[in-house]
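K.L.:
Supplied in structure tokens, the structure appears directly below.
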Amino acid sequence: MSTNKLFALKAAISEALELPGEITLNLPKIIMIGHSRMLIENHKGVIEFTPLKIRLNSGIGVIKIEGIDLNLKNIAADDIIVTGKIKTVSFV
Amino acid sequence: MLITDIRNFFSGYLIVKIEGLSLERLINTAISQKIRLWEINRPNYQELTAHINIHSYRKLCDIAIEHNCRIKILAKRGLPFKTNRLKRRIMIPVGFLFFLLFLYGLSSFIWMVDIEGVVNADHQAILDALSENGIKPGALKMNLDTRNIGNRILNEIPDLIWIGIELRGSKAIVNVQETTKPPEMIDPLTPFNIVAKRDGIIEKIVVLDGESMVSVGDTVRKGQLLVSGIIQDAITGTIRYTHARANVLARTWYSAKASVPFNRFKHIRTGKKVAHNYLEYRGFIINLRKNAVDFEFYEISEDSATFFGENRFLPINIVTKEFYEIVRVPILAEDLKSQAKEQAWDNLLEIMPNNAKIIDKQVKYDMIEDKEIIATVYAEVLEDIAQLRKIEINRGEVFIVGQPIERKDIYH
């Protein structure tokens, strides 16, 4: 099977059984509290980190976060907590 | 989060500054090696500050070298650093530990013994008994069996019927209850007469033992023989002696007087008052509260209590003085008279015995102009005037101490 079809199959099964996507499909889980705190689980690395722009790699591509005074509150194995004044979150 | 802060404090962390070019890659490498970083800031393009665990610092250094970056320690925080500093001043924790041990050790002893409930018994004897059995200042609390000791003391001191020993902190509180003594046994053979305690007129006479010398309605004088302990058998003439016992109820009177000086004024409190509180030690005074007294006339009521308790530490008294404002009100003669009567009556009650029953009272006033009023109170009472007097027997002769025998003939 091609990766696309495999992916589609996995997605269908996960949907049907209501399994968490970040585990079965390796998707990043993004939790935002207000616009000043953001938790990203299951990322694949930091590409860029400045006080104005943070770019992370993930299972679905690059997540770009723009804002002011951004810093990484916490880094653990696969989690990142970003704090600061977040203006934009986009998926590139 | 609080719990992670506590954890970080206990294991210790550093604030490091990393300078270099490929800082993001350094972060990724750190993540992949499971190094935990927090509070990551990017002050400028070439610098990164972060907090890191002491334990992971080694690994971070190696990673930094790999990526051609420099690491500098900005701050060291956490318990391990404080412990290291304390290690140079080891006496601080050691001294603290010693203090705790000292406190615990001292409180394992008894330092004060308090006995409560002693009325007639010998205080010192109880203390000595307690001391012999192990309860005394300086004794170890641990081995004392209070129940056993209590029982032993009850055996040693017959006056006590109950004892409770409580070891409260470093004080031994001993509660005792004394026996009530049974009334003294009267030996029926010891010769006693009954004489009159006071002058009076006999109302009722009940003779339990002995021979009655007077009858109802007689006037008797103080000291007069009422019931004789010497009994002579009518037929054989032999004399025997007995302990006379009788209740002799007679009408007698008491009087007392009191005088009240002729005051023009009487003092009445208005209700306003001002308080002074102070501590006093042998004349040396520390004022606690001293409000201004701005009354024209006032009365002082003083109340003093020992601050620490009886015979403890220093004899410091805490004194409360209250100043009551008073107004002077002119007194009427009537008030003075009743005041004198009250006082006279109080005096009378003091001299009168408790078992007397009052059957009549009278008051007489004498007024000395401008000087004083004297009130005299008379009370007629019913009272038991029986009083025992021992008979001295000397060989063949009989002496009754102080009173010649007046005997009535047996047959009337």
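Chain lettering (A, B, ...) mirrors the order of the structure tokens, residue numbering begins at 1 for each chain separately, and ligand numbering begins at 1 in order of display.
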Using only C-alpha atoms, find the residues of chain A whose closest atom to chain B is at most 9 Å away, then write them as number ranges by chain.
P.N.:
A: 44-51, 69-78
K.L.:
Any chance you could list, as a PyMOL selection string, the residues in range 97-265 of chain B that come up strand (DSSP E or B) when DSSP is run on the backbone?
P.N.:
chain B and resi 109+112-116+140+160-168+171-178+192-196+200-209+211-212+219-220+225-228+230-232+239-241+243+245-261+265
K.L.:
Just to confirm, what's the straight-line distance from CA of Trp111 in chain B to CA of Lys136 in chain B in Å (one decimal)?
P.N.:
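Answer for the CA of Trp111 in chain B to CA of Lys136 in chain B separation: 7.4 Å.
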K.L.:
Using only C-alpha atoms, which protein or nucleic acid residues come within 10 Å of Leu27 in chain A? Drop anything in the same chain fewer than 6 positions from it, and give the result as a PyMOL selection string.
P.N.:
chain A and resi 20-21+41-43+58-61
K.L.:
Let me make sure I understand: among A:Val89, A:Ile40, A:Leu25, A:Leu9, which one has the smallest atom-to-atom distance to Gly67 in chain A if we use only C-alpha atoms?
P.N.:
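Once distances to Gly67 in chain A are computed over only C-alpha atoms, the minimum belongs to A:Val89.
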K.L.:
Could you list, as an NGL selection string, every residue within 8 Å of Thr190 in chain B, counting only C-alpha atoms and ignoring same-chain residues fewer than 5 positions away?
P.N.:
:B and (241-243)
K.L.:
Give me, as an MDAnalysis selection string, all polymer residues having an atom no more than 9 Å from Ala344 in chain B, counting only C-alpha atoms and skipping those fewer than 4 positions away in the same chain.
P.N.:
chainID B and resid 255:259 339:340 348:349 374:377
